[in-house]
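S.K.: The structure is given below, and queries will be raised subsequently.
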Amino acid sequence: MASEITNNGNGEMSKEERKVYDRQIRLWGYDGQKKLREIKVLLIGMQGLGAEIAKNLILSGVNSITLKDHTEVSILDCCSQFLIPRDSQERNRAKASMSAAQKLNPNVKVIVDTTPIEQNVDSFVTSFDVVIATECSPTTYKRLSELCRKAKVKLFIADVYGLFGYFFQDVNFKHNLYGEVFLDNKIYTDSLPAKIPRAYFLTSALLKFQSESNRKPNPDTCEEDVDELKSILNPTLDQLNISNNIFDEYYGELFCELSPTTSIIGAMVSQTAIKNAMDKPIEKYNVFFYDHIEHEGQFHLL
Amino acid sequence: MAAAIAGVFQPEMQNLIKESKVLLVGAGGIGCEVLKNLVLTGFSELEIIDLDTIEVSNLNRQFLFNKESVGKAKSHVAKTSVLKFNPNVNITSHLGDIMDTKYGVAFFNKFKLVINALDNKKARSHVNRMCLSCDIPLIESGTMGYSGQVEFIKKGVSLCYECLPKSEPKSYPMCTIRNTPKEPIHCIVWAKFLFGQLFGESDEDVSVEQTVYDGTETKVSARQWAEIIEYDPKKLLEKIFYDDIKYLLSMESMYTGKKVKPVLLEPSFFETEVVEYRHVLDSEVLTLEQCKSMFLACIVSIKQKLDICQNKCLVWDKDDDDFMNFVVSSSNIRSAIFNIPLKSHFDIKSLAGNIIPAIATANAIIAGQIVIHALRILSGKYERCQSVFLRELPNHKGQILVKDKFLQKPNPKCMVCSTDGEIVLSIDINKITVKQFEELILKKKLNMVAPDVLVDGRMIISSDEDDELDLYEKTLAEAGVNHGSRFSVDDYFQNYSIKIMLQHKEKAQEEDPDFEIFGNLEELNTAEKNNEAEPEENDEDCLIEKDESCVERVDDDLSISDEQAHDMVTDKKQEDDSVIKEDMMDSDPEVIKVDQEISNEEILAMKRKADEASEDINEAKKSRVD
């Protein structure tokens, strides 16, 4: 029966692939899909947000994704890590995620890497087209940003705190580096206070908390952690003449990586990375915030 | 599960999450993501319903399914998949239609919250009515390509799903389809009809064939003729693409003025031997010769399917390769005859199947926002639950996830959620039968399931089969309906009632609509005045076809789009040309192109809505901070 449509047999997408990707090819075309098939991704951090990013990119049909995490599964992973089966015997996060991740799409090479990024040599990142990092320390982010800028590798850095989340991107190698935006107080000297988005204050305070305590705010110690955050945030707000209570509603929802927001930030990062792969970057901006109280997601250039 | 860990949520919220029973309607693109988010957040009393089974084209986004699950029930597989990462949750999965009478008020009343992750207007309207009548908060959602939205619906608090008019499915005048196609879509709609005529349950009212088939005085239908010639592919080809066109050309009045006359194909086109159809890439545009081979080949395959089919009647389906090839080849050959550009298999499938592009990321963003809305609703913060729109690209302020300025209040004139909802129906009471009234107006147009109708206190339609009223075949006039009659219509199943005031309007000409519905008498009067002042000037098609008898209009919704078909809330009157143009410039041209002919209007409505929402956003923020 002459009813099948196949490719020309020159190593193009198989008929099966076309069927699976049909609904997205109708959005970004065959050319877009072909570009995606060449992208090699390094994904650092396999907690809830990492799982979301892995899911979205594997479903979309990238060439390969390296799931990098040296840490062990924790009880808090149950808030958003859906790739790790509950009865998991493998305690390393990346290893425990491997099987479910690969099942999402057999066409994508899924690779597990359990070496801490801090132990990799600088040239490590150059073998990838895109690096996406989550759940690292602020100093690691700073180093990655400088490294990727030098190597001209596209970089996304994303984190979720409870229902709040943000990501940083460096895709055209022109705007401020991660450290300049979040760690060096450059923003305060560069911009008028009124131009600084509210979510920025919260993010930089959370990062300072992380640098000082070597961890994110934790539900076990929620009250102390909120007090600590306020003590970081309020002096800055006072200096800029901003009322201290603007974040009152936010503090109660900053613990763990919570699924609704890993879903939103994970998808926003993935989609922005996908658009990049198709040469349609959102390059005017370098930071995105999801504000869980205002229910808004906005890009900024900081 | 976040709610199982102390300190993640405030204690009150923690309990609400653990104890609230939630119904999720739909286990498709958005449904899979929402189910995952609900379960991870700690919701532990869930029911999920879906009537579909899993298809290969779902796998790029419906991540709870994989190759092995193709063909199985979505709701059951979704449940099994989430239990792997959280076994401590009570999920009841239903394989079924939410509009089934099984799921009545008693079923809905079990839930604290209902979430819609549906793909069609009819089911959305139905759940909307059920939730209004049970006074259960509802979260309504949808995505289309990169865009999407989340809406909160609660009786008396917000707009309901039916408070604002929805865009209607595109329709084409039958005479354009039959005689004067101008665009590829006209030929595609025609090809789908032709398929029904040859292989399906032919609808007598809309016949495509023009000529007398056996050359004698007795007329036979296309189906009968095809059976006589035993579906000989070459004879069909010649009949459809030569004889019928010749017949069209013989009608002199048909192609006057601007209209493009069909051009007969060379007779040699029909004489060549049957060559086997060669496969080509589906994104390439086929040549006329290739279309011919494809046509001849698929007729043979479809005939075989018809022979083994139980009721000797095939239903067109975009996912059947032979059926699809039939539409591709015949629409393209017809396009060539009418000097319309040919299209690729890929593009024709989009149009014929009304396929809406869908990606994992947009669904995940919308699903995340749905669950955040759910948390706000459970804690009673309704004022936080404005509609949220996901834009394709950030607006000038960088916003990509944008919310409405305010929670929009219910429309006091809404025929669904307002208690004194009354609509005006303009209709010819001497032409429409009681049965047509029930089927076309109450069920199809007004989305009812089991209506009872009283006219001035007398019952003319009953949902109870034991009531033998024997009025179905009578016209409304014969059933005692007059100009100015008031219908009181009740749907006990939906617990929905509406009053309809009837205005008799004679259907003088064939092209007059069978019926029209207005919000009130004023609207009807204005519409009539406008009609007199500028007769149909806005509709290009009508202008061109005016002197002909455009009998029926054809809804191009024959195949209901399967994936997240998005019905946007839109007020057409607000649409402004300049804004639309700007929007198109600002967006990704490739994407627009893909969607253009299916649902451009809906996309634009969505963008516009998102823009509107963003405009006064600063003000809203300021006022909140204050």
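Lettering and numbering for the structure tokens are positional, with chains as A, B, ... in the shown order, residues counted from 1 in each chain, and ligands counted from 1 in the shown order.
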Each residue of chain B with at least one atom at most 6 Å from chain A should appear once, together with its nearest atom pair and the corresponding distance in Å (one decimal); atoms considered: only C-alpha atoms; ordering: chain, then increasing residue number; output as CSV.
M.R.:
```
residue,atom,partner,partner_atom,distance
B:Met1,CA,A:Cys79,CA,4.7
B:Ala2,CA,A:Cys79,CA,4.4
B:Gly7,CA,A:Pro219,CA,4.5
B:Val8,CA,A:Pro219,CA,5.2
B:Asn37,CA,A:Ser259,CA,5.4
B:Leu40,CA,A:Cys79,CA,5.2
B:Val56,CA,A:Val20,CA,5.5
B:Ser57,CA,A:Val20,CA,4.8
B:Leu59,CA,A:Val20,CA,5.8
B:Asn60,CA,A:Leu59,CA,5.3
B:Lys84,CA,A:Pro85,CA,5.6
B:Phe85,CA,A:Pro85,CA,4.7
B:His279,CA,A:Ile5,CA,5.4
B:Leu281,CA,A:Asn7,CA,5.4
B:Asp321,CA,A:Ser3,CA,6.0
B:Asp322,CA,A:Ser3,CA,5.7
B:Pro357,CA,A:Arg23,CA,4.7
B:Ala358,CA,A:Arg23,CA,5.2
B:Ile359,CA,A:Gln24,CA,5.7
B:Thr361,CA,A:Ala267,CA,4.6
B:Ala364,CA,A:Ser263,CA,5.5
B:Ile365,CA,A:Ile264,CA,4.3
B:Gly368,CA,A:Pro260,CA,4.0
B:Val371,CA,A:Pro260,CA,6.0
B:Gly398,CA,A:Phe299,CA,4.5
B:Gln399,CA,A:Gln298,CA,4.1
B:Ile400,CA,A:Gln298,CA,5.8
B:Leu401,CA,A:Gly297,CA,4.5
B:Val402,CA,A:Glu296,CA,5.4
B:Val591,CA,A:Leu27,CA,5.8
```
S.K.: What's the 8 Å shell around A:Pro281, counting only C-alpha atoms, without same-chain residues fewer than 6 positions away, as a PyMOL selection string?
M.R.: chain A and resi 171+272-273+275
S.K.: Which residues are close to A:Ala205, i.e. within 12 Å by only C-alpha atoms, leaving aside same-chain residues fewer than 2 positions away? Reply as a PDB file with C-alpha atoms, in the first residue's frame.
M.R.:
```
ATOM      1  CA  PRO A 138      26.567  31.775  44.452  1.00  0.00           C
ATOM      2  CA  TYR A 161      12.788  29.276  46.574  1.00  0.00           C
ATOM      3  CA  PHE A 182      23.660  39.626  41.910  1.00  0.00           C
ATOM      4  CA  LEU A 183      26.772  39.645  44.054  1.00  0.00           C
ATOM      5  CA  ASN A 185      26.189  45.488  44.340  1.00  0.00           C
ATOM      6  CA  ARG A 198      11.122  44.381  43.631  1.00  0.00           C
ATOM      7  CA  ALA A 199      11.962  40.730  43.045  1.00  0.00           C
ATOM      8  CA  TYR A 200      15.603  41.665  42.616  1.00  0.00           C
ATOM      9  CA  PHE A 201      15.917  42.715  46.266  1.00  0.00           C
ATOM     10  CA  LEU A 202      14.447  39.426  47.383  1.00  0.00           C
ATOM     11  CA  THR A 203      16.732  37.413  45.108  1.00  0.00           C
ATOM     12  CA  LEU A 207      21.718  34.696  47.611  1.00  0.00           C
ATOM     13  CA  LYS A 208      23.427  36.536  50.454  1.00  0.00           C
ATOM     14  CA  PHE A 209      21.682  34.236  52.906  1.00  0.00           C
ATOM     15  CA  GLN A 210      22.999  31.272  50.931  1.00  0.00           C
ATOM     16  CA  SER A 211      26.560  32.626  50.890  1.00  0.00           C
ATOM     17  CA  GLU A 212      26.499  33.184  54.630  1.00  0.00           C
ATOM     18  CA  LYS A 216      18.967  27.785  51.175  1.00  0.00           C
ATOM     19  CA  PRO A 217      16.260  28.696  53.712  1.00  0.00           C
ATOM     20  CA  ASP A 225      15.623  31.839  58.481  1.00  0.00           C
ATOM     21  CA  VAL A 226      12.943  34.432  57.809  1.00  0.00           C
ATOM     22  CA  ASP A 227      14.376  36.619  60.577  1.00  0.00           C
ATOM     23  CA  GLU A 228      17.821  36.244  59.058  1.00  0.00           C
ATOM     24  CA  LEU A 229      16.470  37.172  55.613  1.00  0.00           C
ATOM     25  CA  LYS A 230      14.764  40.257  57.013  1.00  0.00           C
ATOM     26  CA  SER A 231      17.971  41.345  58.687  1.00  0.00           C
ATOM     27  CA  ILE A 232      19.704  41.144  55.306  1.00  0.00           C
ATOM     28  CA  LEU A 233      16.934  42.773  53.324  1.00  0.00           C
ATOM     29  CA  ASN A 234      15.651  45.557  55.584  1.00  0.00           C
ATOM     30  CA  PRO A 235      18.802  47.711  55.745  1.00  0.00           C
ATOM     31  CA  THR A 236      18.903  47.795  51.936  1.00  0.00           C
ATOM     32  CA  LEU A 237      15.233  48.706  51.767  1.00  0.00           C
ATOM     33  CA  PHE A 247       7.684  41.383  51.318  1.00  0.00           C
ATOM     34  CA  TYR A 251       8.275  35.195  53.420  1.00  0.00           C
TER      35      TYR A 251
END
```
S.K.: So how far away is atom CA of B:Pro262 from atom CA of B:Ile245, in Å?
M.R.: 7.1 Å
S.K.: Quick one: pull the distance between atom CA of B:Lys409 and atom CA of B:Ala374, Å, one decimal.
M.R.: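 Spanning atom CA of B:Lys409 to atom CA of B:Ala374 is a straight-line distance of 19.1 Å.
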S.K.: Would you list the contacts of B:Gln14 as a list in words, taking every protein, DNA or RNA residue within 8 Å and counting only C-alpha atoms, but skipping same-chain residues closer than 5 positions in sequence?
M.R.: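 Here the qualifying residues turn out to be Ala3, Ala4 and Phe9 of chain B.
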S.K.: Just the residues within 9 Å of B:Ile333, please, counting only C-alpha atoms, with nothing from its chain fewer than 5 positions along; format it as a PyMOL selection string.
M.R.: chain B and resi 187+241+288+291-292+328+338+342
S.K.: Just to be explicit: take each residue in the selection above, keep C-alpha atoms, and write the result as a PDB file, in the first residue's frame.
M.R.:
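Resulting contents of selection38.pdb:
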```pdb
ATOM      1  CA  CYS B 187     -10.579  23.036  -1.713  1.00  0.00           C
ATOM      2  CA  PHE B 241     -11.865  16.526 -12.005  1.00  0.00           C
ATOM      3  CA  LEU B 288       0.089  17.667 -10.052  1.00  0.00           C
ATOM      4  CA  CYS B 291      -1.132  14.238  -6.628  1.00  0.00           C
ATOM      5  CA  LYS B 292      -2.717  12.119  -9.319  1.00  0.00           C
ATOM      6  CA  VAL B 328      -4.205  16.128   0.070  1.00  0.00           C
ATOM      7  CA  PHE B 338      -9.023  26.837  -9.996  1.00  0.00           C
ATOM      8  CA  LEU B 342      -0.897  23.877  -4.176  1.00  0.00           C
TER       9      LEU B 342
END
```
S.K.: Smallest atom-to-atom distance to A:Asn214: which of A:Val62, A:Val121, A:Cys136, A:Val181, using only C-alpha atoms?
M.R.: A:Cys136
S.K.: If we count only C-alpha atoms, what is near A:Ile111 at a cut-off of 10 Å, once residues fewer than 6 positions away on the same chain are taken out, given as a list in words?
M.R.: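 Contacts, with the query itself left out: Leu42, Ser64, Ile65, Thr66, Leu67, Lys68, Ala94, Lys95, Met98, Ala101 and Gln102 of chain A.
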